[in-house]
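Enquirer: Structure incoming, see below.
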Amino acid sequence: MPGLDDNQLLRYSRQILLPQIGVEGQEKLLRSTALIVGVGGLGSPASMYLAASGVGRLILADDDVVDLSNLQRQIVHASGAVGEAKTDSATARLAALNPEVAVTAISERMNAETLRPLAARCDVVLDCSDNFETRYALNRACREARVPLVSGAAIRMEGQISVFAPSQPQSPCYQCLYPEGAAQDEGCVTTGILSPLTGVIGSLQAIEAVKLLLGIGSALIGRLLLFDAMKMQWREVALRKNPQCPVCGQAAGGLSDDTSS
Ligand SMILES: [Zn+2]
């Protein structure tokens with residue numbers, strides 16, 4: 001790939017100015033691929049920031065259609081997009097934001113079989129979904145493809161984010177945090193959600209994704225960050241790998257804490 005042209009140098013100039021990124025980092029972002037599963041409250045800001053940052057290829061997966069009740073927080077979708085596939089609506093918005101980014105839209109419900117080859121094509125994956133079935137499938141797919149997963153969630157006035165890195169033996173996975181069967185779906189359809197909260201968590205997911213793509217800073221690996229909007233408080237909880245985890249534990253062929261510490 002040839003170097004950045006004048007327009008690119010200008011478009012990304014404020015990022016290139018950062019010593020942690022520079023021209024080299026920007027070129028790296030342009031060569032990178034990110035998968036965003038769920039183009040709703042979290043996927044909206046996450047996809048927009050990754051597109052604006054110049055992540056070269058974005059794959060969007062969502063089987064849902066834009067509903068009027070989505071617009072309060074799913075800011076990638078405009079009022080005129082009600083009734084359209086979310087992936088189509090988001091693709092058009094991202095193309096307008098940054099035509100340099102190649103967007104692939106997948107308007108299907110994802111499962112472990114369909115996610116595995118997709119994850120393997122990516123450098124980073126963002127879980128912006130709203131149900132445990134997809135979250136577990138995505139966790140397994142990322143584990144098998146050894147691709148880092150940036151997991152975010154938001155409901156009511158609370159949000160959380162963590163990063164799971166299968167290439168790091170000490171890293172827990174999503175299922176270490178929420179064992180399958182123990183967690184129940186609680187959607188914002190019934191409980192409600194504060195609009196800008198999804199912006200906060202989705203934007204943090206984009207930050208972690210960019211850092212992982214560039215290999216800079218300290219990622220949220222083994223750390224769960226919890227946000228309480230009512231109290232305007234952040235809390236960090238250390239996450240440990242569960243040696244009995246069926247996805248990343250000993251039985252699954254993962255390294256236990258004993259052997260790696
Ligand atoms: Zn695990």
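Each chain in the structure tokens gets a letter, A, B and so on, in the order shown; residues start at 1 in every chain, and ligands are counted from 1 in the order they appear.
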So that I can check the surroundings of segment 216-224 of chain A, please list as number ranges by chain every protein, DNA and RNA residue that reaches within 10 Å of it, counting only C-alpha atoms and ignoring chain neighbours fewer than 3 positions away.

Expert: A: 20-21, 25, 148-152, 160-165, 168, 170-173, 177, 207-213, 227, 235-241

Enquirer: Could you give me the residues within 6 Å of ligand 1, counting only C-alpha atoms and all ligand atoms, as a list of chain:residue names?

Expert: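 Within the 6 Å cut-off, the matching residues are A:Pro172, A:Cys173, A:Gln175, A:Cys176, A:Lys241, A:Asn242, A:Cys245, A:Val247, A:Cys248, A:Gly249.
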
Enquirer: Pick out the closest residue to Gly43 of chain A from this set: A:Leu118, A:Cys142, A:Leu60, A:Ala102. Count only C-alpha atoms.

Expert: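 Ranked by minimum distance to Gly43 of chain A, first place goes to A:Leu60.
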
Enquirer: Enter the distance from atom CA of Gln205 of chain A to atom CA of Ala46 of chain A, in Å, rounded to one decimal.

Expert: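 Here the two named atoms are 6.3 Å from each other.
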
Enquirer: Find the residues near segment 70-80 of chain A: any atom within 10 Å, counting only C-alpha atoms, skip ones fewer than 4 places away on the same chain, and give them as number ranges by chain.

Expert: A: 39-48, 65-66, 84, 86-94, 189, 193-199

Enquirer: Tell me, as a PyMOL selection string, which residues lie within 8 Å of segment 2-13 of chain A, counting only C-alpha atoms; anything in the same chain fewer than 5 positions away does not count.

Expert: chain A and resi 23+26-27+53-54

Enquirer: Using only C-alpha atoms, which residue out of A:Leu50, A:Ala251, A:Val37, A:Leu226 lies closest to Arg135 of chain A?

Expert: A:Val37

Enquirer: Would you please give, as a CSV table (one decimal) with N, CA, C and O atoms, in the first residue's frame, all residues of segment 14-134 of chain A that DSSP assigns to strand (DSSP E) based on the backbone?

Expert:
chain,number,residue,atom,x,y,z
A,33,THR,N,-8.9,-4.3,10.1
A,33,THR,CA,-10.3,-4.7,9.9
A,33,THR,C,-10.9,-4.9,11.3
A,33,THR,O,-10.4,-5.6,12.1
A,34,ALA,N,-12.1,-4.3,11.5
A,34,ALA,CA,-12.8,-4.5,12.8
A,34,ALA,C,-14.2,-5.0,12.5
A,34,ALA,O,-14.9,-4.6,11.5
A,35,LEU,N,-14.7,-6.0,13.3
A,35,LEU,CA,-16.0,-6.5,13.2
A,35,LEU,C,-16.8,-5.9,14.4
A,35,LEU,O,-16.4,-5.9,15.5
A,36,ILE,N,-18.0,-5.4,14.0
A,36,ILE,CA,-18.9,-4.8,15.0
A,36,ILE,C,-20.2,-5.6,15.0
A,36,ILE,O,-20.9,-5.5,14.0
A,37,VAL,N,-20.4,-6.3,16.1
A,37,VAL,CA,-21.7,-7.1,16.1
A,37,VAL,C,-22.7,-6.3,16.9
A,37,VAL,O,-22.6,-6.1,18.1
A,57,ARG,N,-11.3,-1.2,7.2
A,57,ARG,CA,-12.4,-2.1,6.8
A,57,ARG,C,-13.3,-2.4,8.1
A,57,ARG,O,-12.8,-2.8,9.1
A,58,LEU,N,-14.6,-2.1,7.9
A,58,LEU,CA,-15.5,-2.4,9.0
A,58,LEU,C,-16.5,-3.4,8.5
A,58,LEU,O,-17.1,-3.3,7.4
A,59,ILE,N,-16.7,-4.4,9.4
A,59,ILE,CA,-17.8,-5.4,9.1
A,59,ILE,C,-18.9,-5.2,10.1
A,59,ILE,O,-18.6,-5.2,11.3
A,60,LEU,N,-20.1,-4.9,9.7
A,60,LEU,CA,-21.2,-4.7,10.6
A,60,LEU,C,-22.2,-5.8,10.5
A,60,LEU,O,-22.5,-6.2,9.4
A,61,ALA,N,-22.5,-6.4,11.6
A,61,ALA,CA,-23.5,-7.5,11.6
A,61,ALA,C,-24.6,-7.2,12.5
A,61,ALA,O,-24.5,-6.8,13.7
A,102,ALA,N,-14.1,0.9,3.9
A,102,ALA,CA,-14.8,-0.1,3.2
A,102,ALA,C,-15.7,-0.8,4.2
A,102,ALA,O,-15.2,-1.4,5.2
A,103,VAL,N,-17.0,-0.7,4.0
A,103,VAL,CA,-18.0,-1.3,5.0
A,103,VAL,C,-18.7,-2.5,4.4
A,103,VAL,O,-19.2,-2.4,3.3
A,104,THR,N,-18.6,-3.6,5.1
A,104,THR,CA,-19.3,-4.8,4.7
A,104,THR,C,-20.5,-5.0,5.7
A,104,THR,O,-20.3,-5.0,6.9
A,105,ALA,N,-21.7,-5.1,5.1
A,105,ALA,CA,-22.9,-5.2,5.9
A,105,ALA,C,-23.4,-6.7,5.9
A,105,ALA,O,-23.6,-7.2,4.8
A,106,ILE,N,-23.7,-7.2,7.1
A,106,ILE,CA,-24.3,-8.6,7.1
A,106,ILE,C,-25.6,-8.5,7.9
A,106,ILE,O,-25.5,-8.3,9.1
A,124,VAL,N,-9.7,-7.0,15.3
A,124,VAL,CA,-10.4,-6.8,16.6
A,124,VAL,C,-11.9,-6.9,16.4
A,124,VAL,O,-12.4,-6.7,15.3
A,125,VAL,N,-12.6,-7.4,17.4
A,125,VAL,CA,-14.0,-7.6,17.4
A,125,VAL,C,-14.7,-6.8,18.5
A,125,VAL,O,-14.1,-6.7,19.6
A,126,LEU,N,-15.8,-6.1,18.2
A,126,LEU,CA,-16.5,-5.3,19.2
A,126,LEU,C,-17.9,-6.0,19.4
A,126,LEU,O,-18.6,-6.1,18.5
A,127,ASP,N,-18.1,-6.4,20.7
A,127,ASP,CA,-19.4,-6.9,21.0
A,127,ASP,C,-20.3,-5.8,21.4
A,127,ASP,O,-20.2,-5.2,22.5

Enquirer: Would you mind telling me which residue in A:Val101, A:Leu17, A:Leu138, A:Leu225 lies nearest to Thr114 of chain A when using only C-alpha atoms?

Expert: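 Closest to Thr114 of chain A, using only C-alpha atoms: A:Leu138.
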
Enquirer: What parts of segment 1-249 of chain A does DSSP call helix (DSSP H, G or I)? I'd like the answer as a ChimeraX atom specification.

Expert: /A:6-11,13-16,22-30,43-53,68-70,79-81,86-97,112-120,132-145,174-177,188-191,195-214

Enquirer: Go through A:Met232, A:Ala153, A:Cys122, A:Ala96 one by one, measure the shortest atom-to-atom distance of each to Ala51 of chain A using only C-alpha atoms, and give the residue with the smallest value.

Expert: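 Among A:Met232, A:Ala153, A:Cys122, A:Ala96, it is A:Ala96 that comes nearest to Ala51 of chain A.
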
Enquirer: I'd like the neighbourhood of Arg116 of chain A as a PyMOL selection string, where a residue qualifies if any of its atoms comes within 10 Å (using only C-alpha atoms), though same-chain residues fewer than 2 positions away should be ignored.

Expert: chain A and resi 110-114+118-121+137-145

Enquirer: Would you save the residues of that selection, restricted to N, CA and C atoms, as a compact mmCIF listing (two decimals), in the first residue's frame?

Expert:
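Generated file (again_17.txt):
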# COMPACT_ATOMS: atom_id res chain seq x y z
N MET A 110 -26.37 -13.65 13.88
CA MET A 110 -25.10 -14.38 13.90
C MET A 110 -25.15 -15.54 14.91
N ASN A 111 -24.48 -16.62 14.58
CA ASN A 111 -24.31 -17.71 15.55
C ASN A 111 -22.84 -18.14 15.52
N ALA A 112 -22.51 -19.14 16.34
CA ALA A 112 -21.10 -19.52 16.48
C ALA A 112 -20.49 -19.90 15.13
N GLU A 113 -21.25 -20.60 14.29
CA GLU A 113 -20.72 -21.07 12.99
C GLU A 113 -20.45 -19.90 12.05
N THR A 114 -21.37 -18.93 12.03
CA THR A 114 -21.18 -17.81 11.10
C THR A 114 -20.16 -16.81 11.64
N LEU A 118 -15.83 -15.09 10.33
CA LEU A 118 -15.83 -13.62 10.30
C LEU A 118 -14.76 -13.07 11.25
N ALA A 119 -14.75 -13.61 12.47
CA ALA A 119 -13.78 -13.14 13.47
C ALA A 119 -12.36 -13.38 12.98
N ALA A 120 -12.16 -14.52 12.29
CA ALA A 120 -10.82 -14.87 11.82
C ALA A 120 -10.29 -13.86 10.80
N ARG A 121 -11.21 -13.15 10.13
CA ARG A 121 -10.80 -12.15 9.13
C ARG A 121 -10.44 -10.81 9.77
N ALA A 137 -21.68 -16.74 21.79
CA ALA A 137 -21.20 -17.23 20.49
C ALA A 137 -20.00 -16.41 20.02
N LEU A 138 -20.08 -15.11 20.23
CA LEU A 138 -19.00 -14.23 19.81
C LEU A 138 -17.73 -14.48 20.64
N ASN A 139 -17.92 -14.71 21.92
CA ASN A 139 -16.79 -15.01 22.80
C ASN A 139 -16.06 -16.27 22.34
N ARG A 140 -16.85 -17.31 22.02
CA ARG A 140 -16.24 -18.56 21.53
C ARG A 140 -15.52 -18.34 20.20
N ALA A 141 -16.17 -17.60 19.31
CA ALA A 141 -15.59 -17.36 17.99
C ALA A 141 -14.27 -16.60 18.11
N CYS A 142 -14.23 -15.61 18.97
CA CYS A 142 -13.00 -14.82 19.15
C CYS A 142 -11.91 -15.66 19.79
N ARG A 143 -12.32 -16.50 20.73
CA ARG A 143 -11.37 -17.39 21.39
C ARG A 143 -10.70 -18.31 20.36
N GLU A 144 -11.53 -18.91 19.51
CA GLU A 144 -11.00 -19.85 18.53
C GLU A 144 -10.17 -19.15 17.46
N ALA A 145 -10.59 -17.95 17.09
CA ALA A 145 -9.85 -17.20 16.07
C ALA A 145 -8.67 -16.42 16.68

Enquirer: Which residue gives the smallest distance to Pro99 of chain A among A:Asp185, A:Ile155, A:Trp234, A:Val55, with only C-alpha atoms counted?

Expert: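 That would be A:Val55, the residue with the smallest distance to Pro99 of chain A.
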
Enquirer: So how far away is atom CA of Arg146 of chain A from atom CA of Pro117 of chain A, in Å?

Expert: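 About the pair atom CA of Pro117 of chain A and atom CA of Arg146 of chain A: they are 11.5 Å apart.
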
Enquirer: Find the distance between atom CA of Arg156 of chain A and atom CA of Gly192 of chain A and write it in Å to one decimal.

Expert: 5.3 Å
